[in-house]
>>> print(open('data_28.txt').read())   # compact mmCIF, C-alpha atoms and all ligand atoms
# COMPACT_ATOMS: atom_id res chain seq x y z
CA MET A 1 88.41 -8.35 -28.98
CA ARG A 2 85.82 -11.16 -28.92
CA ASP A 3 82.12 -11.37 -29.50
CA ALA A 4 81.74 -8.10 -31.29
CA THR A 5 78.49 -7.30 -33.11
CA ILE A 6 78.94 -6.17 -36.70
CA LEU A 7 75.78 -4.69 -38.12
CA VAL A 8 75.31 -4.40 -41.86
CA LEU A 9 72.38 -2.28 -43.05
CA GLY A 10 71.16 -3.30 -46.51
CA GLY A 11 71.29 -6.66 -48.27
CA GLY A 12 71.90 -5.37 -51.77
CA VAL A 13 75.17 -5.66 -53.68
CA GLY A 14 77.36 -3.91 -51.07
CA GLY A 15 75.72 -5.26 -47.91
CA LEU A 16 75.64 -8.87 -49.08
CA THR A 17 79.28 -8.72 -50.15
CA THR A 18 80.34 -7.20 -46.81
CA ALA A 19 78.41 -9.70 -44.70
CA SER A 20 79.57 -12.76 -46.64
CA GLU A 21 83.21 -11.63 -46.65
CA LEU A 22 82.97 -11.02 -42.89
CA ALA A 23 81.52 -14.48 -42.39
CA ARG A 24 84.35 -15.94 -44.46
CA VAL A 25 87.08 -14.17 -42.47
CA VAL A 26 85.76 -14.02 -38.90
CA GLY A 27 83.50 -17.08 -39.06
CA SER A 28 81.34 -17.54 -35.99
CA LYS A 29 83.71 -15.77 -33.60
CA HIS A 30 81.65 -12.61 -33.82
CA ARG A 31 78.00 -11.81 -34.41
CA ILE A 32 77.18 -10.56 -37.90
CA VAL A 33 73.70 -9.10 -38.38
CA LEU A 34 72.23 -7.94 -41.69
CA VAL A 35 69.03 -5.87 -41.86
CA ASP A 36 66.97 -5.40 -45.01
CA ARG A 37 63.30 -4.79 -45.66
CA ARG A 38 63.38 -7.40 -48.41
CA ALA A 39 64.32 -11.07 -48.22
CA GLU A 40 65.35 -11.22 -51.84
CA PHE A 41 68.19 -9.86 -53.90
CA HIS A 42 67.23 -8.52 -57.33
CA GLU A 43 69.96 -8.05 -59.92
CA CYS A 44 69.21 -4.62 -61.45
CA VAL A 45 71.07 -5.12 -64.72
CA ASN A 46 68.19 -7.38 -65.78
CA ASN A 47 65.92 -4.34 -66.00
CA LEU A 48 67.70 -3.64 -69.28
CA TRP A 49 66.71 -7.04 -70.62
CA ALA A 50 63.14 -6.55 -69.38
CA ILE A 51 63.06 -3.49 -71.65
CA SER A 52 64.29 -5.52 -74.62
CA GLY A 53 61.86 -8.32 -73.71
CA ASP A 54 64.64 -10.90 -73.22
CA VAL A 55 63.94 -11.39 -69.49
CA THR A 56 60.38 -11.36 -68.18
CA ASP A 57 60.49 -13.75 -65.21
CA TYR A 58 61.25 -11.81 -62.00
CA LYS A 59 62.02 -15.02 -60.10
CA ALA A 60 64.79 -15.88 -62.57
CA VAL A 61 66.69 -12.71 -61.67
CA CYS A 62 66.14 -12.81 -57.90
CA ALA A 63 67.71 -14.83 -55.11
CA ASP A 64 66.34 -15.44 -51.62
CA ILE A 65 68.89 -14.03 -49.17
CA SER A 66 67.43 -15.31 -45.90
CA THR A 67 68.46 -18.96 -46.45
CA LEU A 68 71.83 -17.94 -47.84
CA LEU A 69 72.62 -15.70 -44.84
CA GLY A 70 71.46 -18.40 -42.42
CA LYS A 71 73.86 -20.89 -44.00
CA LEU A 72 76.70 -18.40 -43.61
CA GLY A 73 75.89 -17.98 -39.90
CA ILE A 74 74.69 -14.38 -40.41
CA ASP A 75 71.61 -13.23 -38.48
CA PHE A 76 69.09 -11.82 -40.92
CA VAL A 77 66.60 -9.25 -39.64
CA ARG A 78 63.92 -8.57 -42.18
CA ASP A 79 62.72 -5.13 -41.17
CA GLU A 80 62.64 -1.45 -42.05
CA VAL A 81 65.57 0.61 -40.71
CA ARG A 82 63.96 3.71 -39.18
CA ARG A 83 66.71 5.41 -37.21
CA ILE A 84 70.48 5.33 -37.13
CA ASP A 85 72.61 6.79 -34.35
CA PRO A 86 76.18 6.80 -35.64
CA THR A 87 77.57 8.02 -32.29
CA SER A 88 76.42 4.97 -30.34
CA LYS A 89 76.27 2.68 -33.43
CA THR A 90 72.68 1.89 -32.56
CA ILE A 91 69.80 1.48 -34.99
CA GLU A 92 66.07 1.18 -34.63
CA THR A 93 63.88 -0.90 -36.89
CA ASP A 94 60.08 -1.22 -36.74
CA SER A 95 60.43 -3.95 -34.15
CA GLU A 96 63.79 -3.76 -32.41
CA THR A 97 66.82 -1.74 -31.34
CA ILE A 98 70.23 -3.13 -32.25
CA LYS A 99 73.51 -1.88 -30.84
CA ALA A 100 76.72 -2.68 -32.66
CA ASP A 101 80.49 -2.41 -32.31
CA TYR A 102 80.86 -1.82 -36.04
CA LEU A 103 78.23 -0.40 -38.35
CA VAL A 104 78.26 -0.73 -42.15
CA ILE A 105 75.61 1.30 -43.96
CA ALA A 106 74.79 -0.05 -47.42
CA LEU A 107 71.21 1.14 -47.87
CA GLY A 108 71.74 2.28 -51.48
CA ALA A 109 69.98 5.12 -53.23
CA LYS A 110 66.25 5.74 -52.95
CA LEU A 111 64.41 6.50 -56.20
CA VAL A 112 61.94 9.37 -55.88
CA PRO A 113 60.08 10.12 -59.16
CA GLY A 114 57.79 12.52 -57.22
CA LEU A 115 60.60 15.05 -56.80
CA VAL A 116 59.73 16.20 -60.33
CA PRO A 117 56.08 17.26 -60.56
CA GLY A 118 54.15 15.10 -63.03
CA LEU A 119 56.92 12.55 -63.44
CA PRO A 120 55.29 9.59 -61.62
CA GLU A 121 52.19 9.81 -63.85
CA ALA A 122 54.08 10.58 -67.04
CA GLY A 123 56.72 7.96 -67.45
CA TYR A 124 57.85 4.40 -66.95
CA ASN A 125 60.46 4.15 -64.18
CA ILE A 126 62.95 1.87 -65.93
CA TYR A 127 65.15 1.72 -62.81
CA GLU A 128 62.50 -0.46 -61.11
CA TRP A 129 61.67 -3.94 -62.38
CA GLU A 130 57.92 -3.32 -62.85
CA GLY A 131 58.52 -0.09 -64.76
CA ALA A 132 61.12 -1.68 -67.01
CA LEU A 133 58.86 -4.67 -67.71
CA SER A 134 55.81 -2.50 -68.48
CA PHE A 135 57.90 -0.27 -70.71
CA GLY A 136 59.19 -3.39 -72.53
CA ARG A 137 55.58 -4.48 -73.17
CA ARG A 138 54.63 -1.02 -74.43
CA LEU A 139 57.66 -1.00 -76.72
CA LYS A 140 56.22 -3.97 -78.59
CA GLU A 141 53.14 -1.91 -79.48
CA ILE A 142 54.59 1.45 -80.46
CA ASP A 143 54.65 1.94 -84.23
CA ARG A 144 54.91 5.72 -84.58
CA GLY A 145 55.57 8.86 -82.55
CA LYS A 146 58.32 9.79 -80.18
CA ILE A 147 59.99 7.94 -77.30
CA GLY A 148 61.86 10.05 -74.77
CA VAL A 149 64.48 8.66 -72.39
CA LEU A 150 64.66 11.16 -69.55
CA ILE A 151 67.45 11.26 -66.97
CA ALA A 152 65.93 13.48 -64.30
CA ARG A 153 68.92 14.30 -62.08
CA THR A 154 72.54 13.43 -61.42
CA PRO A 155 73.96 11.39 -59.79
CA PHE A 156 72.20 8.18 -60.81
CA LYS A 157 73.30 4.58 -60.46
CA CYS A 158 75.14 2.87 -63.27
CA PRO A 159 75.91 5.85 -65.51
CA ALA A 160 75.89 3.56 -68.55
CA ALA A 161 72.42 2.07 -67.94
CA PRO A 162 70.18 4.79 -69.49
CA TYR A 163 72.32 4.71 -72.64
CA GLU A 164 72.27 0.92 -72.76
CA ALA A 165 68.48 1.07 -72.39
CA THR A 166 68.32 3.52 -75.29
CA PHE A 167 70.39 1.29 -77.58
CA LEU A 168 68.17 -1.68 -76.71
CA ILE A 169 65.02 0.35 -77.39
CA GLU A 170 66.46 1.34 -80.77
CA GLU A 171 67.23 -2.28 -81.58
CA VAL A 172 63.71 -3.45 -80.70
CA LEU A 173 62.19 -0.71 -82.91
CA ARG A 174 64.52 -1.60 -85.78
CA LYS A 175 63.79 -5.32 -85.51
CA ARG A 176 60.06 -4.58 -85.52
CA GLY A 177 60.52 -2.54 -88.70
CA VAL A 178 59.11 0.67 -87.18
CA ARG A 179 62.32 2.58 -86.41
CA GLU A 180 61.83 5.06 -89.25
CA LYS A 181 58.47 6.10 -87.82
CA VAL A 182 59.55 6.43 -84.18
CA ASP A 183 61.83 9.25 -83.01
CA LEU A 184 64.12 8.39 -80.12
CA GLU A 185 65.52 11.20 -77.95
CA VAL A 186 67.62 11.18 -74.77
CA TYR A 187 67.35 14.15 -72.36
CA THR A 188 69.96 14.52 -69.63
CA PRO A 189 71.40 17.14 -67.26
CA GLU A 190 74.90 15.79 -68.13
CA TRP A 191 77.01 17.44 -70.82
CA GLN A 192 78.27 14.07 -72.04
CA PRO A 193 77.53 10.44 -71.17
CA MET A 194 79.35 8.72 -68.29
CA LEU A 195 81.18 11.88 -67.22
CA SER A 196 83.48 10.30 -64.64
CA ALA A 197 84.73 7.75 -67.16
CA GLY A 198 86.21 10.51 -69.32
CA ASP A 199 86.05 11.82 -72.89
CA GLU A 200 86.92 8.67 -74.80
CA VAL A 201 84.00 6.71 -73.34
CA GLY A 202 81.65 9.70 -73.65
CA SER A 203 82.60 10.36 -77.27
CA MET A 204 82.17 6.70 -78.18
CA LEU A 205 78.65 6.70 -76.76
CA MET A 206 77.71 9.95 -78.53
CA GLU A 207 79.04 8.55 -81.80
CA GLU A 208 77.07 5.31 -81.38
CA MET A 209 73.88 7.31 -80.67
CA SER A 210 74.49 9.53 -83.66
CA LYS A 211 75.06 6.51 -85.97
CA ARG A 212 71.65 5.18 -84.97
CA GLY A 213 69.88 8.52 -85.39
CA ILE A 214 69.20 8.85 -81.65
CA GLY A 215 68.81 12.49 -80.57
CA TYR A 216 71.01 13.46 -77.64
CA ASN A 217 69.90 16.52 -75.68
CA THR A 218 72.41 17.53 -73.00
CA GLU A 219 72.21 20.01 -70.11
CA ARG A 220 68.48 19.46 -69.84
CA MET A 221 67.38 19.85 -66.22
CA VAL A 222 63.72 18.85 -66.04
CA LEU A 223 61.48 21.14 -63.99
CA LYS A 224 58.17 19.37 -64.51
CA VAL A 225 56.30 17.04 -66.82
CA ASN A 226 52.72 17.52 -67.98
CA PRO A 227 51.32 13.99 -68.40
CA HIS A 228 48.07 15.32 -69.94
CA LYS A 229 49.80 17.23 -72.72
CA ASN A 230 52.82 14.88 -72.95
CA GLU A 231 55.20 17.80 -72.44
CA ILE A 232 58.49 18.02 -70.58
CA LEU A 233 59.48 21.43 -69.26
CA PHE A 234 63.24 21.92 -68.87
CA GLU A 235 65.07 24.92 -67.45
CA VAL A 236 66.07 25.90 -70.99
CA ASP A 237 63.28 24.68 -73.29
CA GLU A 238 60.46 22.17 -73.72
CA ALA A 239 60.00 18.82 -75.44
CA GLU A 240 57.10 16.60 -76.39
CA TYR A 241 56.88 12.83 -76.13
CA ASP A 242 54.47 10.00 -76.72
CA VAL A 243 56.11 7.47 -74.41
CA LEU A 244 58.60 8.34 -71.70
CA ALA A 245 61.23 6.08 -70.10
CA VAL A 246 62.48 7.67 -66.89
CA VAL A 247 65.54 7.47 -64.66
CA PRO A 248 64.07 9.17 -61.57
CA PRO A 249 65.89 11.40 -59.07
CA HIS A 250 67.97 9.48 -56.51
CA VAL A 251 68.33 10.51 -52.84
CA ALA A 252 69.82 8.96 -49.69
CA PRO A 253 67.21 6.96 -47.72
CA ASN A 254 65.46 8.87 -44.89
CA PRO A 255 67.29 7.34 -41.88
CA VAL A 256 70.62 8.22 -43.48
CA ARG A 257 69.62 11.81 -44.25
CA GLU A 258 68.12 12.24 -40.78
CA CYS A 259 71.13 10.95 -38.81
CA GLY A 260 73.49 13.71 -39.91
CA LEU A 261 75.85 11.58 -41.97
CA THR A 262 75.20 13.35 -45.28
CA ASP A 263 76.89 16.55 -46.47
CA SER A 264 75.81 19.27 -48.92
CA THR A 265 75.88 16.73 -51.79
CA GLY A 266 73.09 14.81 -50.06
CA TRP A 267 75.33 11.71 -49.84
CA VAL A 268 77.73 10.40 -47.20
CA PRO A 269 81.36 11.56 -47.37
CA VAL A 270 83.78 8.74 -46.60
CA HIS A 271 87.50 8.10 -46.57
CA PRO A 272 88.27 7.06 -50.17
CA ASN A 273 90.42 4.06 -49.18
CA THR A 274 88.67 2.75 -46.05
CA LEU A 275 85.07 3.96 -46.53
CA GLU A 276 84.99 5.05 -42.89
CA THR A 277 82.71 7.99 -42.14
CA ARG A 278 83.64 10.75 -39.72
CA TYR A 279 82.44 8.38 -36.97
CA ARG A 280 84.98 5.74 -35.99
CA GLY A 281 83.80 2.23 -36.74
CA VAL A 282 80.94 3.49 -38.93
CA TYR A 283 81.33 2.82 -42.65
CA THR A 284 79.23 3.70 -45.66
CA ILE A 285 79.62 1.86 -48.95
CA GLY A 286 78.01 1.61 -52.37
CA ASP A 287 75.63 4.13 -53.89
CA LEU A 288 75.37 6.08 -50.64
CA ALA A 289 79.08 6.82 -50.35
CA SER A 290 80.31 10.11 -51.76
CA ILE A 291 83.92 10.05 -52.96
CA LYS A 292 85.30 13.09 -54.72
CA LEU A 293 87.81 12.31 -57.46
CA HIS A 294 90.91 14.35 -58.30
CA ASN A 295 89.15 16.00 -61.26
CA GLY A 296 86.34 17.27 -59.01
CA LEU A 297 83.79 14.68 -60.20
CA PHE A 298 82.51 11.85 -58.00
CA LEU A 299 83.03 8.09 -58.05
CA PRO A 300 80.06 6.71 -60.02
CA MET A 301 77.33 4.68 -58.32
CA ALA A 302 77.96 1.12 -59.48
CA GLY A 303 77.72 -2.42 -58.18
CA VAL A 304 81.39 -3.12 -58.98
CA PHE A 305 82.42 -0.40 -56.55
CA ALA A 306 79.88 -1.46 -53.91
CA MET A 307 81.36 -4.98 -54.02
CA ALA A 308 85.00 -3.88 -53.85
CA GLU A 309 84.19 -1.44 -51.05
CA GLY A 310 82.29 -4.13 -49.13
CA ILE A 311 85.28 -6.48 -49.28
CA THR A 312 87.59 -3.67 -48.09
CA VAL A 313 85.38 -2.78 -45.14
CA ALA A 314 84.85 -6.41 -44.14
CA ARG A 315 88.59 -7.11 -44.17
CA ASN A 316 89.40 -3.99 -42.16
CA ILE A 317 86.80 -4.77 -39.51
CA ALA A 318 88.06 -8.37 -39.35
CA HIS A 319 91.63 -7.08 -39.07
CA GLN A 320 90.66 -4.85 -36.14
CA LEU A 321 89.17 -7.94 -34.55
CA GLY A 322 92.47 -9.74 -34.95
CA GLU A 323 91.56 -11.77 -38.05
CA GLY A 324 93.32 -11.56 -41.42
CA ALA A 325 95.02 -8.65 -43.15
CA GLY A 326 93.49 -5.22 -43.71
CA ALA A 327 92.71 -3.82 -47.17
CA GLU A 328 92.46 -0.57 -49.10
CA PHE A 329 90.00 0.33 -51.83
CA GLY A 330 92.08 1.79 -54.66
CA GLY A 331 89.38 3.03 -57.05
CA ASP A 332 89.60 0.30 -59.72
CA GLY A 333 86.48 -0.51 -61.66
CA PHE A 334 85.03 -1.64 -64.95
CA CYS A 335 81.79 -1.47 -66.86
CA TYR A 336 80.39 -3.32 -69.87
CA ILE A 337 78.28 -1.04 -72.03
CA GLU A 338 75.65 -2.84 -74.08
CA LEU A 339 75.04 -1.26 -77.49
CA GLY A 340 72.37 -3.53 -78.97
CA GLY A 341 72.93 -5.96 -81.83
CA GLY A 342 74.82 -8.37 -79.54
CA LEU A 343 77.65 -5.86 -79.01
CA ALA A 344 79.09 -4.24 -75.92
CA ALA A 345 82.02 -1.92 -75.24
CA MET A 346 83.98 -2.04 -72.00
CA GLY A 347 85.58 0.68 -69.92
CA GLN A 348 88.10 -0.34 -67.29
CA GLY A 349 90.59 1.54 -65.16
CA ASN A 350 91.41 3.49 -62.07
CA PHE A 351 89.11 6.27 -60.93
CA TYR A 352 91.54 7.54 -58.26
CA ALA A 353 94.25 8.33 -60.83
CA ARG A 354 95.62 11.91 -60.96
CA PRO A 355 94.73 14.31 -62.42
CA ALA A 356 91.70 12.36 -63.67
CA PRO A 357 90.44 8.76 -63.90
CA LYS A 358 92.55 6.65 -66.23
CA ILE A 359 90.11 4.53 -68.17
CA THR A 360 90.87 2.25 -71.09
CA LEU A 361 88.10 1.66 -73.59
CA ARG A 362 87.71 -1.70 -75.27
CA PRO A 363 85.74 -1.11 -78.49
CA PRO A 364 82.35 -2.73 -79.16
CA SER A 365 82.63 -6.50 -79.62
CA LYS A 366 80.68 -9.72 -79.29
CA GLU A 367 83.18 -10.92 -76.61
CA ASN A 368 82.36 -7.97 -74.35
CA TRP A 369 78.65 -8.65 -74.80
CA LEU A 370 79.10 -12.31 -73.88
CA ALA A 371 81.23 -11.35 -70.87
CA LYS A 372 78.54 -8.94 -69.62
CA HIS A 373 75.78 -11.53 -69.89
CA GLU A 374 77.95 -14.26 -68.40
CA LEU A 375 78.87 -12.05 -65.44
CA ALA A 376 75.21 -11.25 -64.76
CA SER A 377 74.16 -14.89 -64.84
CA THR A 378 77.17 -15.98 -62.75
CA VAL A 379 76.28 -13.48 -60.00
CA ILE A 380 72.63 -14.48 -59.73
CA ASN A 381 73.24 -18.21 -60.20
CA SER A 382 75.95 -18.30 -57.55
CA LEU A 383 73.56 -16.67 -55.07
CA LYS A 384 70.79 -19.12 -56.02
CA THR A 385 72.98 -22.23 -55.80
CA GLN A 386 74.30 -21.28 -52.36
CA ASN A 387 70.72 -21.45 -51.12
C1 LIG B 1 69.21 -0.77 -64.72
C2 LIG B 1 70.45 -0.87 -63.88
C3 LIG B 1 71.57 -1.52 -64.38
C4 LIG B 1 72.74 -1.59 -63.63
N1 LIG B 1 73.82 -2.23 -64.17
C5 LIG B 1 74.98 -2.27 -63.47
C6 LIG B 1 76.13 -2.90 -64.04
O1 LIG B 1 76.10 -3.45 -65.14
N2 LIG B 1 77.28 -2.86 -63.31
C7 LIG B 1 77.36 -2.27 -62.08
O2 LIG B 1 78.43 -2.26 -61.48
N3 LIG B 1 76.28 -1.65 -61.52
C8 LIG B 1 75.10 -1.66 -62.18
N4 LIG B 1 73.99 -1.05 -61.63
C9 LIG B 1 74.13 -0.32 -60.35
C10 LIG B 1 74.05 -1.24 -59.13
O3 LIG B 1 72.86 -1.99 -59.16
C11 LIG B 1 74.10 -0.39 -57.87
O4 LIG B 1 75.16 0.52 -57.95
C12 LIG B 1 74.29 -1.29 -56.65
O5 LIG B 1 73.13 -2.10 -56.48
C13 LIG B 1 74.54 -0.47 -55.38
O6 LIG B 1 74.70 -1.33 -54.30
P1 LIG B 1 74.31 -0.85 -52.82
O7 LIG B 1 74.63 -2.02 -51.94
O8 LIG B 1 74.88 0.46 -52.53
O9 LIG B 1 72.71 -0.64 -52.86
P2 LIG B 1 71.56 -1.63 -53.26
O10 LIG B 1 72.07 -2.78 -54.06
O11 LIG B 1 70.49 -0.77 -53.87
O12 LIG B 1 71.03 -2.21 -51.87
C14 LIG B 1 70.39 -1.42 -50.91
C15 LIG B 1 69.56 -2.33 -50.01
O13 LIG B 1 69.10 -1.60 -48.89
C16 LIG B 1 67.75 -1.94 -48.61
N5 LIG B 1 67.14 -0.80 -47.92
C17 LIG B 1 67.14 0.51 -48.31
N6 LIG B 1 66.55 1.28 -47.37
C18 LIG B 1 66.17 0.46 -46.36
C19 LIG B 1 65.56 0.67 -45.09
N7 LIG B 1 65.22 1.90 -44.66
N8 LIG B 1 65.33 -0.41 -44.31
C20 LIG B 1 65.69 -1.67 -44.71
N9 LIG B 1 66.29 -1.92 -45.88
C21 LIG B 1 66.54 -0.87 -46.70
C22 LIG B 1 67.15 -2.23 -49.97
O14 LIG B 1 66.03 -3.10 -49.85
C23 LIG B 1 68.32 -2.89 -50.71
O15 LIG B 1 68.31 -4.29 -50.62
C24 LIG B 1 72.79 -1.01 -62.35
C25 LIG B 1 71.66 -0.37 -61.82
C26 LIG B 1 70.50 -0.30 -62.57
C27 LIG B 1 69.28 0.39 -61.99
>>> encode(input="data_28.txt", output="structure tokens")
Amino acid sequence: MRDATILVLGGGVGGLTTASELARVVGSKHRIVLVDRRAEFHECVNNLWAISGDVTDYKAVCADISTLLGKLGIDFVRDEVRRIDPTSKTIETDSETIKADYLVIALGAKLVPGLVPGLPEAGYNIYEWEGALSFGRRLKEIDRGKIGVLIARTPFKCPAAPYEATFLIEEVLRKRGVREKVDLEVYTPEWQPMLSAGDEVGSMLMEEMSKRGIGYNTERMVLKVNPHKNEILFEVDEAEYDVLAVVPPHVAPNPVRECGLTDSTGWVPVHPNTLETRYRGVYTIGDLASIKLHNGLFLPMAGVFAMAEGITVARNIAHQLGEGAGAEFGGDGFCYIELGGGLAAMGQGNFYARPAPKITLRPPSKENWLAKHELASTVINSLKTQN
């Protein structure tokens, strides 16, 4: 088959990986189109370092994708995706209709603080750059009271990130000499941190929080927040706060929910090895994809998976077009978990293992911390230098 159109929706971690791998394998033999509302890629992990005050320049942690895609021979359409028809593999943006032979949906998760009444006014959304940066500035001024870190709903992207944020907050308070006067509490609907990664990782994180005197309040499903009284109302009880860092509810973007691809989880069920949806030639990868593991939990939302899935999908599409070998996503992944004080732990393993994910934990070390920071700068610098 010649001159196929491969349409990639989303230019985040998964979409960019898919499109560039496709360009590498099929070259200019077929048309590759990527649609995103933004022309820049922002590396989310840096939100953590905006909280700690180590990164404050947005431009340093962003890369322009339009030039990069142009150089790779990929057509970039900067526009809002409004409608997706998976049956005909056709999409509508604000300005055009595009019909494809293969459709890869990598639109990520949408953050909706407003799903919890009072939340937008009450807290800093640390999952967005501006919120993380503003929270980081506020953190420099707090010298007494109580900071709450509130995880509003599951699932949320990067299951380690709220805990990493908490450890960095604790470190800033300690370095400023005000830790004794500021309570730090985490509230989450989970019953332990990083559920899919298993008990060893969860226990390690709980122990590290306990060592630092961080309160950990599990099975707390927030119903509403009163920003005037600084009160959080949970299903089971209430809590007060002075400053609130928030991981808001995540949902699938509107065009994905409206096109019938989602199931009762609100996310898109896909084949665990090929990422194909129930529509032939239509794939969903990254945060949007819902993959149930053998223990009944779901594959976490993480950039490492979005990348590996993107490469799998790109190679399989290329293979169907007569180029290169196909591939299977086997559920391998890893995560560095920053603990403050220049230390990070690392969990690595296979999430498709039976009867449950098989994850090995590397204990906190300076090497892990360096590896995490090096990985983050390698990713963003390689995107910048290709421009
Ligand atoms: C604080 C933080 C730290 C993290 N740290 C890590 C980490 O250390 N390791 C790790 O593996 N993961 C980490 N993650 C998670 C990682 O960032 C996500 O899992 C990853 O970005 C998901 O990739 P994706 O391609 O599915 O979606 P995204 O990267 O979110 O990309 C989605 C793209 O779609 C575009 N889009 C959405 N809707 C539309 C529309 N209607 N029209 C046009 N364009 C649209 C968006 O503009 C965006 O560019 C972290 C996340 C956060 C918030």
>>> residues_near_ligand(input="data_28.txt", ligand="ligand LIG 1 (chain B)", cutoff="7 Å", atoms="all atoms listed in the file", output="JSON, numbers by chain")
{"A": [9, 10, 11, 12, 13, 14, 15, 35, 36, 37, 38, 41, 43, 44, 45, 46, 47, 48, 79, 80, 81, 82, 106, 107, 108, 109, 126, 127, 128, 157, 158, 161, 253, 254, 255, 285, 286, 287, 288, 301, 302, 303, 304, 305, 306, 335, 336]}
>>> closest_atom_pairs(input="data_28.txt", of="segment 29-90 of chain A", to="segment 134-141 of chain A", cutoff="12 Å", atoms="all atoms listed in the file", output="tab-separated table")
residue	atom	partner	partner_atom	distance
A:Asn46	CA	A:Gly136	CA	11.9
A:Asn47	CA	A:Gly136	CA	9.4
A:Leu48	CA	A:Gly136	CA	9.1
A:Trp49	CA	A:Gly136	CA	8.6
A:Ala50	CA	A:Gly136	CA	6.0
A:Ile51	CA	A:Gly136	CA	4.0
A:Ser52	CA	A:Gly136	CA	5.9
A:Gly53	CA	A:Gly136	CA	5.7
A:Asp54	CA	A:Gly136	CA	9.3
A:Val55	CA	A:Gly136	CA	9.8
A:Thr56	CA	A:Gly136	CA	9.2
>>> residues_around(input="data_28.txt", residues="Ile74 of chain A", least_positions_apart="5", cutoff="6 Å", atoms="all atoms listed in the file", output="list in words")
Ile32, Val33 and Leu69 of chain A
>>> closest_residue(input="data_28.txt", among="A:Ile91, A:Val182, A:Ala39, A:Ala122", to="Ala63 of chain A", atoms="only C-alpha atoms")
A:Ala39
>>> residues_near_point(input="data_28.txt", point="(81.9, 7.8, -34.9)", cutoff="12 Å", atoms="only C-alpha atoms", output="VMD selection string")
chain A and resid 84 to 90 100 to 104 259 to 261 270 276 to 284
>>> atom_distance(input="data_28.txt", atom1="atom CA of Val243 of chain A", atom2="atom CA of Ala165 of chain A")
14.1 Å
>>> residues_around(input="data_28.txt", residues="Ser382 of chain A", least_positions_apart="4", cutoff="12 Å", atoms="all atoms listed in the file", output="list in words")
Val61, Cys62, Ala63, Asp64, Ile65, Leu68, Glu374, Leu375, Ala376, Ser377, Thr378, Gln386 and Asn387 of chain A
>>> write_last_selection(input="data_28.txt", atoms="C-alpha atoms", output="PDB file, in the frame of the given file")
ATOM      1  CA  VAL A  61      66.690 -12.710 -61.670  1.00  0.00           C
ATOM      2  CA  CYS A  62      66.140 -12.810 -57.900  1.00  0.00           C
ATOM      3  CA  ALA A  63      67.710 -14.830 -55.110  1.00  0.00           C
ATOM      4  CA  ASP A  64      66.340 -15.440 -51.620  1.00  0.00           C
ATOM      5  CA  ILE A  65      68.890 -14.030 -49.170  1.00  0.00           C
ATOM      6  CA  LEU A  68      71.830 -17.940 -47.840  1.00  0.00           C
ATOM      7  CA  GLU A 374      77.950 -14.260 -68.400  1.00  0.00           C
ATOM      8  CA  LEU A 375      78.870 -12.050 -65.440  1.00  0.00           C
ATOM      9  CA  ALA A 376      75.210 -11.250 -64.760  1.00  0.00           C
ATOM     10  CA  SER A 377      74.160 -14.890 -64.840  1.00  0.00           C
ATOM     11  CA  THR A 378      77.170 -15.980 -62.750  1.00  0.00           C
ATOM     12  CA  GLN A 386      74.300 -21.280 -52.360  1.00  0.00           C
ATOM     13  CA  ASN A 387      70.720 -21.450 -51.120  1.00  0.00           C
TER      14      ASN A 387
END
>>> closest_residue(input="data_28.txt", among="A:Val201, A:Pro269, A:Ser210, A:Val256", to="Pro363 of chain A", atoms="all atoms listed in the file")
A:Val201
>>> residues_around(input="data_28.txt", residues="Glu328 of chain A", least_positions_apart="4", cutoff="8 Å", atoms="all atoms listed in the file", output="ChimeraX atom specification")
/A:273-274,312
>>> atom_distance(input="data_28.txt", atom1="atom CA of Gly341 of chain A", atom2="atom CA of Gly202 of chain A")
19.7 Å
>>> atom_distance(input="data_28.txt", atom1="atom CA of Gly340 of chain A", atom2="atom CA of Phe156 of chain A")
21.6 Å
>>> residues_around(input="data_28.txt", residues="segment 347-351 of chain A", least_positions_apart="6", cutoff="6 Å", atoms="only C-alpha atoms", output="list in words")
Gly331, Asp332, Gly333, Phe334, Cys335, Pro357, Lys358, Ile359, Thr360 and Leu361 of chain A
>>> write_last_selection(input="data_28.txt", atoms="C-alpha atoms", output="PDB file, in the coordinates of the input")
ATOM      1  CA  GLY A 331      89.380   3.030 -57.050  1.00  0.00           C
ATOM      2  CA  ASP A 332      89.600   0.300 -59.720  1.00  0.00           C
ATOM      3  CA  GLY A 333      86.480  -0.510 -61.660  1.00  0.00           C
ATOM      4  CA  PHE A 334      85.030  -1.640 -64.950  1.00  0.00           C
ATOM      5  CA  CYS A 335      81.790  -1.470 -66.860  1.00  0.00           C
ATOM      6  CA  PRO A 357      90.440   8.760 -63.900  1.00  0.00           C
ATOM      7  CA  LYS A 358      92.550   6.650 -66.230  1.00  0.00           C
ATOM      8  CA  ILE A 359      90.110   4.530 -68.170  1.00  0.00           C
ATOM      9  CA  THR A 360      90.870   2.250 -71.090  1.00  0.00           C
ATOM     10  CA  LEU A 361      88.100   1.660 -73.590  1.00  0.00           C
TER      11      LEU A 361
END
>>> closest_atom_pairs(input="data_28.txt", of="segment 89-123 of chain A", to="segment 249-252 of chain A", cutoff="9 Å", atoms="all atoms listed in the file", output="tab-separated table")
residue	atom	partner	partner_atom	distance
A:Leu107	CA	A:Ala252	CA	8.1
A:Gly108	CA	A:Ala252	CA	7.2
A:Ala109	CA	A:Ala252	CA	5.2
A:Lys110	CA	A:Val251	CA	5.2
A:Leu111	CA	A:His250	CA	4.7
A:Val112	CA	A:Pro249	CA	5.5
A:Pro113	CA	A:Pro249	CA	6.0
A:Gly114	CA	A:Pro249	CA	8.4
A:Leu115	CA	A:Pro249	CA	6.8
A:Val116	CA	A:Pro249	CA	7.9
